[in-house]
Structure formats: C-alpha cells, structure tokens
Amino acid sequence: MDMIEREPQPNRPCGHARSIDAVAPRADQRRARWSLPALALAVLLVAGFPAAAAQEWSAVQVKVHGVDAEQRRNVLHFLSIAQPQPYAELAEWRVRALHARAADEIRAALQPFGYYHAVVEGVLEPSGTGWLATYRVIPGARVLIARVDLALDGDGADDPEFRRLADTPLIRAGDPLHHGHYEQTKRALQDLAAERGYFDAHFTQQSLRIDAAANRAEISLHYDTGPRYRFGAVRIEQTGGLAPELLERYVDIRRGQPYHSTALIKLQAALTDSQYFQQVEIRPERDQAVDLEIPIVVMLSARKPDKYTLGLGYGTDTGVRGKIGWERRLARPRGDRLAADAVGSEIRSSLGLRYIIPVGDPRTDRITYFAGWTDDHPQTSDSQVGTLGASYTHARGRWRETWSLTYQNEEFRTGDDFGTSTLIMPGGQWTYLAADDPIAPPRGWRLTLDVRGASEALASDVSFVQARVHTKFINPLGSGRVIARADLGATSVSRFEDLPATVRFYAGGDQSVRGYEYNSLGPRNDLGQVIGGQHLAVGSLEIEHPVVGKWSVAAFYDIGRAYSDADEPFAEGAGVGVRWKSPIGPVRLDVATALSRPDRPWRIHFVVGPDL
C-alpha cells in the first residue's frame, strides 16, 4: 500500500492547504502509516454492501443528506455512530461521544471521492426509545486531477493489452479525483501482469499528490513489467484409464508459447466438460521455471464409469413426459462412450442407443453411431420409425458442422395418406451459437441450418431434398429483452403423398405459433384433416420485462404456416406470459389466443428449457 503522509490540520471543514504524498517506498520505508482518510479509502474499496441492515440492532437511527448513494455507503460504513453496538440500548454519554466524532469521520469518508472541504451539520435528538442522528453535508469543491504520468517499462511496454490499458485509464487529467479509481488502476496493471505472465512486474513509482487548498492532484504511476514468462512442458497425471494420446489432444498449450492464464482456464474447462473427470487441477510450477519457462502439471481424478439419469417433466405439446438414461463414460481407453435412453410422453415414445468416438480435437470432434425406434402419434399423424446411422461432428471456427447418413424405415398415417417408407438420407447440419450463457443470456444469437435428402436411385422409396433454417436473436431492451425467432423450411419432392409424416412440415404449438395445438396447422385434405406441407414459415417477436427477483412478464406475437400452396394463409397468435429463471433455463407459462380463428380460442402453453 502507498504511504500517506499528512500535515496536522485544524478540525474545521476548510483547513489550510494540505499535501498528501504517496511515493513507492524504499526498502527502509515499507511500514505504512494510517490516517482517517486512508482507512476511509480502505473501507470504500472493500465495502460492497449497505450498512442499513446492521442498523436494526442499533439504538441510533442515522440519516445522511447531501451525498450520493456511493458516498453515503462509505460514510455509513465509516461512521462510528452508525455501527451496530454490542448492547441494545446505548447510554446517553456514549451516544453523544459518538455524535461528536461524526463530523470528522464524515469528512474523512468523503476525501476518497475528492471532497476535501466538506461542511457537515449534525443534529442529535431523542426519537422514541432511541436516538435520531441527522447529518447534512455540503461537499464543497472537488479536487481535480491536474496531471497523470502513467509509464510502462519492460516487455509489457510493447504488449497490446498493456497499451490498451494505458491508453484508456480510469484516471485522466481534468477528471475529478477518486481514490478508488487510482487504486483500481494499480490493481488493473497488476492483474494484467499476472494474467499474461509478467511475474516480475513491480511499480518503480506510485504517487498521488494532493494540494487540497488548490483543489489539485497529480498522479504518477511507473510500472516495470519485466520479462514475459512462457509455458514449459505439460505433465499430465491421472487416476483413470484414459489413453495418454487422447489427453494430449485436449492440450493446446505448446512449450515456448507466451504465458496466459486464460489458456489454463480453457484447458481446465475442456477437461471438466469432457465428463471423464471428477476433479481437474492445473498447477503452474513457477518456482521450477527455467529460462522463463514454467512447467505445467495437470492432475486428473476420474469419474465413476457409469452415469444414470432420470427425468420427469411436462409441456403442453407433449403432456407429461419422462426419461431414463444410462451412459458408460469410458467404454474404451481411447475415450469411447456408450449411451442408451428411453423417453415417453403422451404423444411420443422412443428408445435410443449411441456409440460415440472422440476424434481430432476431442472437445468438438466425434463420430457417432446410432440406432433408435420412435412411436410418434400427435393428433394429426401416426408414425412408427426405426433408424440406423452414423454422423461426424467437428468445429469449423465458431460453427459446429455435422455430416450424417441415416437409414430410416417408417410406417405412417397422416390424413388419408399412409404407407411404409424406406429412406437412406445423407444430411448436413451447421450450427452457430454466440452467447456467454445459452441458458438465459441477456444477448445472444443462434442459427441452425439443416439439409437432407434421399433418392430412389439409391434404394429410397421417394426422392426429395429438404432444407430448414432456424434462428433466434436475443437483445437487451431497457432492463428487459427482445426475443425474435424464425423457422423456414422448403422441400422439393417427386411425389408428396409418398413422403412420410416425419419429413413433412407442420406448424402450431409451444415452439411454433402459440394459441394453436401442436402440429395443428398445415394443408388439409378434402375431409379437413391436416396432412402436412412441403414448406414452412414461422416467425415470432417477444418482449420480456423483469418484475421482481427472478420473475418477469412477457408479451408476444407469433405468425406462421406449413404449406404446399403459396396462397395458403398465415395463422396468427398473440398473448402474454410469465417467466421464472430456473437453473436449467426459464420456466415459461403463456396464455395465447388464436387470432386467425373466428372464435379466437385461447390456449395455455408451458415450457421449461434454455433460451438458445
């Protein structure tokens, strides 16, 4: 901490001109001397919560006027009469003694904000069974920063991140003095040095000089970063049976690479997200550094080999639904996984089996072999589907790309179309996600593009090509959010009546056009039965506004259609809802009306899950 030295001052609001010098101490000057303003600054830096709750235990009620919220918090934390007392009632002499100290304490508490000439008027009077202490503050003129001398030496002088920090400091000439900003600037330099591997960094000069009489301050910070350290060899120690060559593919740190703590954080996150390990510890051995290279030790504790899941939920589209799953986390030392699950709801039941092999970059790349059976029976169709296939997923920048080949056998009925369909479908999917938190982000964007098809020339019963685009945007709007989504699809098919139900488009439901039943919107046959369409167009706009705590309210408008003829009309829905932010994503309860139907019926929609 900087040393703070003061000349003796008379106990009055506007004293003689004063000077506070804070110079980097020499080896024989490292003992800090504290004063009321120095202690007030420390309180300002560490006190992040109001003192009002503590006052409930005090016999004295304290009110402070004439200062803003941040200054008031620091005053109340520093004011002796506002602190909780060890006994319920205070003797009068004790209260008056604390009151007598209040003016000096308030002036000291305001000095970290640059107010060195504050005038304080205080009144103490009985109030009920206790006391009321009222203080009116006139802060006076504020000290301004006349000069800032911020200099960088060492390897960091050419580091773009240090240059950015030096070019956009919290402290600038002409700004009002704020001791907290001065301390934050010093901490920012030190934190950046630790983050980027400048472990020998130190201040060669750090001073804050104040001429209170002239309302003038000068700041000097000279920071020598020293050399930047580099990563040394990475050693992995594990308790599991994972193949060393797989673990090495998780490590994208190379020997000789400039040190950066973010690289270690990313490595720890990747190993934790892999689900192979119960505990991941990464330890830079700075005391073992040789030629500025720091060895890195990664210590891994394996999870239990088997994972079991059980879930129960409800949605207005699906009704009550349940899921049971099992996963063998490590089927082979190379990292293979085996997973199986069974899902049941009022409209769908399914069984699935997957065998997953990590390849390339194991954080993003994998080959998956899958098999499954589904019984799908919403009100507009009925299908029993068996699938068998394989997929390859890998990252392409921020895009996640998946190529697949699926054999599908489906027995279906939708309207008066029915039959058994065999399809061999190659497909591709591209997903882009930009959000810090996909569960409930204040801002985010997701885009998914699916393309698939089949050919009678390649043993399929019908030839078709189908593309679908789904996107969702979330942006701040005041204290709330605006949420927009769109879902577009198109199919080119040789004979539509041979296209199975699972490859046709339907609209309506929780994730489509609210106010309508699930899959109830689409072209109809002569009997008025929905038979699905070749194309899809759905859009939605929603405004969400917080109310209290984790609760918010929303208003929305949806429009969409599934169609084969371009003249078919759109269906519109609108409504309001409430939201509760849960750990697994928002819980949404909506009441929507079907605007396009003559009687405008309303429908409740209930959904739980992440925003993106």
# chains A, B, ... in the order shown; residues from 1 in each chain; ligands from 1
$ select_by_dssp --residues "stretch 256-445 of chain A" --states "strand (DSSP E or B)" --output "PyMOL selection string"
chain A and resi 258+277-284+290+293-302+306-315+319-328+337-345+348-358+366-376+382-396+399-414+417-434+444-445
$ atom_distance --atom1 "atom CA of A:Phe162" --atom2 "atom CA of A:Val290"
25.0 Å
$ atom_distance --atom1 "atom CA of A:Asp361" --atom2 "atom CA of A:Tyr229"
26.8 Å
$ residues_around --residues "A:Gln190" --least-positions-apart "5" --cutoff "10 Å" --atoms "only C-alpha atoms" --output "list of chain:residue names"
A:Gln184, A:Thr185, A:Glu195, A:Tyr198, A:Phe199, A:Ala201, A:His202, A:Phe203, A:Tyr223, A:Thr225
